[in-house]
Structures are given as structure tokens and as C-alpha cells.
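What follows is the content of query.cif, which has mmCIF, C-alpha atoms:
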data_run
loop_
_atom_site.label_atom_id
_atom_site.label_comp_id
_atom_site.auth_asym_id
_atom_site.auth_seq_id
_atom_site.Cartn_x
_atom_site.Cartn_y
_atom_site.Cartn_z
CA MET A 1 7.68 15.41 65.86
CA THR A 2 10.54 17.17 64.08
CA THR A 3 11.82 14.30 61.97
CA SER A 4 10.11 11.78 59.78
CA VAL A 5 11.25 8.36 60.95
CA TRP A 6 9.71 6.53 57.98
CA GLY A 7 10.65 9.25 55.52
CA ASN A 8 14.27 8.89 56.63
CA ARG A 9 14.15 5.11 56.29
CA PHE A 10 12.89 5.35 52.72
CA ILE A 11 15.45 8.06 51.83
CA ILE A 12 18.25 5.86 53.18
CA ALA A 13 16.84 2.93 51.16
CA ALA A 14 16.76 5.12 48.03
CA ILE A 15 20.38 6.15 48.60
CA ILE A 16 21.44 2.51 49.01
CA GLN A 17 19.47 1.47 45.91
CA GLY A 18 20.99 4.38 43.97
CA ALA A 19 24.45 3.20 45.01
CA ILE A 20 23.66 -0.34 43.83
CA ILE A 21 22.50 0.77 40.37
CA THR A 22 25.52 3.10 40.12
CA GLY A 23 27.82 0.20 41.01
CA LEU A 24 26.12 -2.00 38.43
CA THR A 25 26.53 0.72 35.82
CA LEU A 26 30.23 1.09 36.63
CA LEU A 27 30.66 -2.70 36.42
CA ILE A 28 29.01 -2.77 32.99
CA VAL A 29 31.22 0.10 31.79
CA ALA A 30 34.34 -1.61 33.19
CA ILE A 31 33.48 -4.90 31.45
CA GLN A 32 32.86 -3.03 28.20
CA LEU A 33 36.21 -1.23 28.48
CA LEU A 34 37.95 -4.51 29.25
CA PHE A 35 36.52 -6.21 26.14
CA SER A 36 36.15 -3.17 23.87
CA SER A 37 38.51 -4.55 21.23
CA THR A 38 36.49 -7.78 20.89
CA ILE A 39 32.81 -6.87 21.22
CA ASN A 40 30.62 -3.86 21.90
CA ILE A 41 28.32 -5.37 24.52
CA ILE A 42 25.72 -2.60 24.65
CA GLN A 43 25.61 -2.37 20.85
CA PHE A 44 25.06 -6.13 20.61
CA LEU A 45 22.32 -6.01 23.25
CA SER A 46 20.59 -3.08 21.55
CA LEU A 47 20.74 -4.77 18.13
CA SER A 48 19.16 -7.92 19.57
CA PHE A 49 16.45 -6.05 21.48
CA GLU A 50 13.70 -8.27 20.09
CA GLY A 51 15.04 -11.28 21.98
CA PRO A 52 16.12 -11.85 25.58
CA ALA A 53 18.30 -8.74 25.55
CA LYS A 54 15.21 -6.60 26.14
CA TRP A 55 15.02 -8.12 29.63
CA PHE A 56 18.43 -6.59 30.38
CA PHE A 57 17.29 -3.11 29.35
CA LEU A 58 13.88 -3.36 30.98
CA GLY A 59 15.40 -4.61 34.24
CA TYR A 60 17.90 -1.77 34.21
CA ILE A 61 15.26 0.88 33.48
CA PHE A 62 12.86 -0.59 36.06
CA TYR A 63 15.66 -0.46 38.65
CA MET A 64 16.13 3.26 38.04
CA ILE A 65 12.36 3.77 38.32
CA LEU A 66 12.37 1.78 41.57
CA VAL A 67 15.00 4.09 43.08
CA VAL A 68 12.85 7.13 42.23
CA ALA A 69 9.70 5.43 43.56
CA ILE A 70 11.40 4.69 46.89
CA ALA A 71 12.56 8.30 47.18
CA VAL A 72 9.07 9.62 46.35
CA THR A 73 7.59 7.28 48.96
CA ALA A 74 9.78 9.03 51.54
CA VAL A 75 7.98 12.27 50.68
CA PHE A 76 4.60 10.66 51.44
CA TYR A 77 5.77 9.45 54.84
CA ASN A 78 7.38 12.82 55.51
CA HIS A 79 4.04 14.51 54.75
CA LEU A 80 2.21 12.27 57.22
CA GLU A 81 4.75 12.56 60.01
CA ILE A 82 5.85 16.20 59.68
CA ASN A 83 3.14 18.19 57.91
CA MET A 84 0.18 16.33 59.38
CA THR A 85 1.95 15.38 62.67
CA LYS A 86 0.58 11.84 62.48
CA ARG A 87 2.28 8.93 64.19
CA ILE A 88 2.78 5.56 62.57
CA SER A 89 2.49 3.05 65.38
CA GLY A 90 1.00 -0.31 66.26
CA PHE A 91 -0.20 -2.38 63.32
CA ARG A 92 0.52 0.50 60.93
CA LYS A 93 4.17 0.29 61.92
CA VAL A 94 4.18 -3.41 60.95
CA LEU A 95 2.58 -2.51 57.61
CA ALA A 96 5.19 0.23 57.06
CA TRP A 97 7.98 -2.31 57.65
CA ILE A 98 6.32 -4.67 55.18
CA HIS A 99 6.20 -1.76 52.72
CA LEU A 100 9.87 -0.92 53.18
CA ILE A 101 11.08 -4.52 52.94
CA GLY A 102 8.66 -5.61 50.20
CA MET A 103 9.44 -2.64 48.00
CA ASN A 104 13.20 -2.87 48.43
CA VAL A 105 13.72 -6.63 48.43
CA GLY A 106 10.97 -7.52 45.94
CA GLY A 107 11.69 -4.63 43.58
CA THR A 108 15.44 -5.13 43.63
CA ALA A 109 15.15 -8.89 43.14
CA ILE A 110 12.80 -8.45 40.15
CA THR A 111 15.05 -5.99 38.38
CA LEU A 112 18.31 -7.80 39.03
CA THR A 113 16.75 -11.11 37.94
CA MET A 114 15.57 -9.46 34.72
CA ILE A 115 19.04 -8.01 34.09
CA PHE A 116 20.67 -11.39 34.73
CA ALA A 117 18.11 -13.19 32.55
CA GLY A 118 18.81 -10.76 29.71
CA LEU A 119 22.55 -11.34 29.99
CA ILE A 120 22.16 -15.12 30.01
CA GLY A 121 19.44 -15.33 27.37
CA SER A 122 21.25 -13.02 24.96
CA GLY A 123 24.47 -15.02 25.32
CA ILE A 124 26.52 -12.02 26.44
CA LEU A 125 27.24 -13.50 29.88
CA GLY A 126 28.85 -16.53 28.23
CA VAL A 127 31.00 -14.24 26.10
CA ILE A 128 32.09 -12.23 29.15
CA ILE A 129 32.89 -15.37 31.15
CA SER A 130 34.89 -16.82 28.25
CA GLY A 131 37.02 -13.67 28.16
CA ALA A 132 35.30 -12.38 25.02
CA SER A 133 37.19 -14.76 22.80
CA THR A 134 36.64 -14.44 19.07
CA SER A 135 35.13 -17.94 18.92
CA ALA A 136 32.64 -17.10 21.69
CA VAL A 137 31.60 -13.91 19.92
CA ALA A 138 31.14 -15.80 16.64
CA LYS A 139 28.83 -18.34 18.34
CA LEU A 140 26.76 -15.63 20.05
CA THR A 141 23.08 -16.51 19.62
CA PRO A 142 20.10 -15.68 21.83
CA ASN A 143 18.57 -18.54 23.83
CA ASN A 144 14.86 -17.86 24.20
CA ALA A 145 14.16 -21.23 25.86
CA ILE A 146 16.34 -20.39 28.88
CA MET A 147 14.11 -17.41 29.69
CA VAL A 148 11.28 -19.67 30.90
CA GLN A 149 13.18 -20.57 34.07
CA PHE A 150 13.22 -16.91 35.15
CA ILE A 151 9.43 -16.50 35.12
CA PRO A 152 8.72 -18.16 38.54
CA PRO A 153 11.28 -16.13 40.52
CA ILE A 154 10.27 -12.88 38.82
CA ALA A 155 6.60 -13.63 39.56
CA THR A 156 7.44 -14.45 43.20
CA PHE A 157 9.40 -11.23 43.64
CA ALA A 158 6.58 -9.30 41.94
CA GLY A 159 4.23 -10.75 44.55
CA LEU A 160 6.56 -9.60 47.34
CA LEU A 161 6.78 -6.12 45.79
CA SER A 162 2.99 -5.97 45.42
CA ILE A 163 2.40 -7.02 49.03
CA GLY A 164 4.83 -4.31 50.15
CA VAL A 165 3.20 -1.59 48.05
CA ILE A 166 -0.32 -2.61 49.15
CA ALA A 167 0.79 -2.60 52.80
CA GLY A 168 2.24 0.88 52.27
CA GLY A 169 -0.98 2.10 50.69
CA ILE A 170 -3.00 0.79 53.62
CA THR A 171 -0.53 2.39 56.04
CA TYR A 172 -0.82 5.74 54.31
CA ILE A 173 -4.62 5.77 54.03
CA VAL A 174 -5.25 4.58 57.60
CA THR A 175 -2.71 7.05 59.01
CA TYR A 176 -4.04 9.88 56.86
CA LEU A 177 -7.60 9.24 58.06
CA GLN A 178 -6.67 8.79 61.72
CA LYS A 179 -8.33 11.21 64.12
CA GLU A 180 -6.22 13.84 65.84
#

Could you quickly redo this structure as C-alpha cells?
Amino acid sequence: MTTSVWGNRFIIAAIIQGAIITGLTLLIVAIQLLFSSTINIIQFLSLSFEGPAKWFFLGYIFYMILVVAIAVTAVFYNHLEINMTKRISGFRKVLAWIHLIGMNVGGTAITLTMIFAGLIGSGILGVIISGASTSAVAKLTPNNAIMVQFIPPIATFAGLLSIGVIAGGITYIVTYLQKE
């Protein structure tokens, strides 16, 4: 085998995820530039880090970590398929698909939900939607109670991510230990 099928799939996923976080970053910068005369969004979020705004930052940082984790996972699959010349087939192929989907869908959903929760809970989303009017900025207060509704979806997506990562671990160990 001269190419790593699963390594390539995870590299493509990492590239797509990297593009998504880059697009999100550009969107945040564009919104900030659009409303720069009214409010400094990132400064407000960083000053209110003790409240819901921390979910925005944590979600954003976790997304960047997720992209790196997906890329590193490609190296593991590459090692199995190229260096060790092992094939991932049968039930292990199903587990590898669960790994790819669980890690990408579950991980992405967790981080984007956290980012969205931070924007809503901090009140910044309302300011952005209102066009960053002076009255909206003046009424800007964190809403801790709204954060409770985000716990079930984040927990569900964490379960999906965990199932994917466990399936990937099983895939790797079983393939690694497979006889020649």
C-alpha cells in the first residue's frame, strides 16, 4: 500500500475544519470592523470572562485544538497503513468511519455550540443583531440563566465525540496488534 486511505481522510477533514475556523475568525473580524465605532466586541467579551463569555473563548480554543487533533490522528492512521503495512478492513473499517464522523461532527458541534452560547449569554449577539445601537450597548448584561439550555446539546455532542474517539482507539489497537 503506497497511500494511507484513512490518513488522507483525516487530513482532508483537518483541512475542512481549518477552513471553517478560519472563516469563523474572518466573520468575527468583519463584524468587529463593521461595529468598531460602537463597541469593541472582543474587549467586551474578555472583560466579562467570568460570565458566559468564557464559553465563547473556550469553544473557539477547543475548535483550534480539535483541528490539530484531527490532523494528528491522520499521522496515526498513516503509521498503521504505510509504515506497518496494515489494512483497515471489515469491522475495523466501520469503527474508523465512526471515529471520523464522531470526531468531526461531535467535536465541531460542541465547539460551535459553546461559541454560540457565549455570544448569546454575554449579550453580544443581541448587540450585533440590533446593529450595535448605542441603546443596545448600554443595556448589555450577561444572562447566566440562558446558559442552562445549552448543557443538553453540548453533553449529547460530547457523547458523540467520545464514541468516535473510543471507536478510533479500538481501531488503532486492534489493527496495530493484528498478525501479519

Q) Between CA of Ser4 in chain A and CA of Met84 in chain A, what is the distance, to one decimal in Å? A) 10.9 Å

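Minimum atom-to-atom distances from A:Gln149, A:Thr175, A:Asn78, A:Asn83 to Val5 in chain A were compared using all atoms listed in the file, and the lowest value belongs to A:Asn78.
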
Q | Nearby residues, (15.1, -13.4, 32.7) file frame, 7 Å, only C-alpha atoms, as a VMD selection string | A | chain A and resid 55 113 to 118 147 150 to 151

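Residues matched by the PyMOL selection byres ((chain A and resi 95) around 12) in this structure: Trp6, Ile88, Ser89, Gly90, Phe91, Arg92, Lys93, Val94, Ala96, Trp97, Ile98, His99, Leu100, Ile101, Gly102, Met103, Ile163, Gly164, Val165, Ile166, Ala167, Gly168, Gly169, Ile170, Thr171, Tyr172, Ile173, Val174 and Thr175 of chain A.
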
(Q) For Val75 in chain A, find every residue with an atom within 10 Å (counting all atoms listed in the file), except residues of its own chain fewer than 6 positions away, and show them as a list in words. (A)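 In the requested format, the answer is Ser4, Trp6, Gly7, Asn8, Phe10, Ile11 and Glu81 of chain A.
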
(Q) Evaluated on this file, the PyMOL selection byres ((chain A and resi 17) around 12) picks out some residues - which ones are they, written as a VMD selection string? (A) chain A and resid 10 to 16 18 to 24 63 to 71 103 to 105 107 to 109 111 to 112

Q: Using the chain letters and numbering of this document, enumerate as a PyMOL selection string the residues selected by the PyMOL selection byres ((chain A and resi 120-125) around 7).
A: chain A and resi 52-53+116-119+126-129+140-144+146-147

Q.
Using Å and a single decimal, report how far CA of Gly59 in chain A sits from CA of Tyr77 in chain A.
A.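 If I compute the distance from CA of Tyr77 in chain A to CA of Gly59 in chain A, I get 26.7 Å.
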
**Q.** Nearest to Glu180 in chain A, chosen from A:Lys86, A:Tyr60, A:Phe35, A:Gly159, with all atoms listed in the file counted in the distances
**A.**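 Distance minimum relative to Glu180 in chain A lands on A:Lys86.
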
Q) At what distance in Å, to one decimal, does CA of Phe62 in chain A lie from CA of Ile154 in chain A? A) 12.9 Å
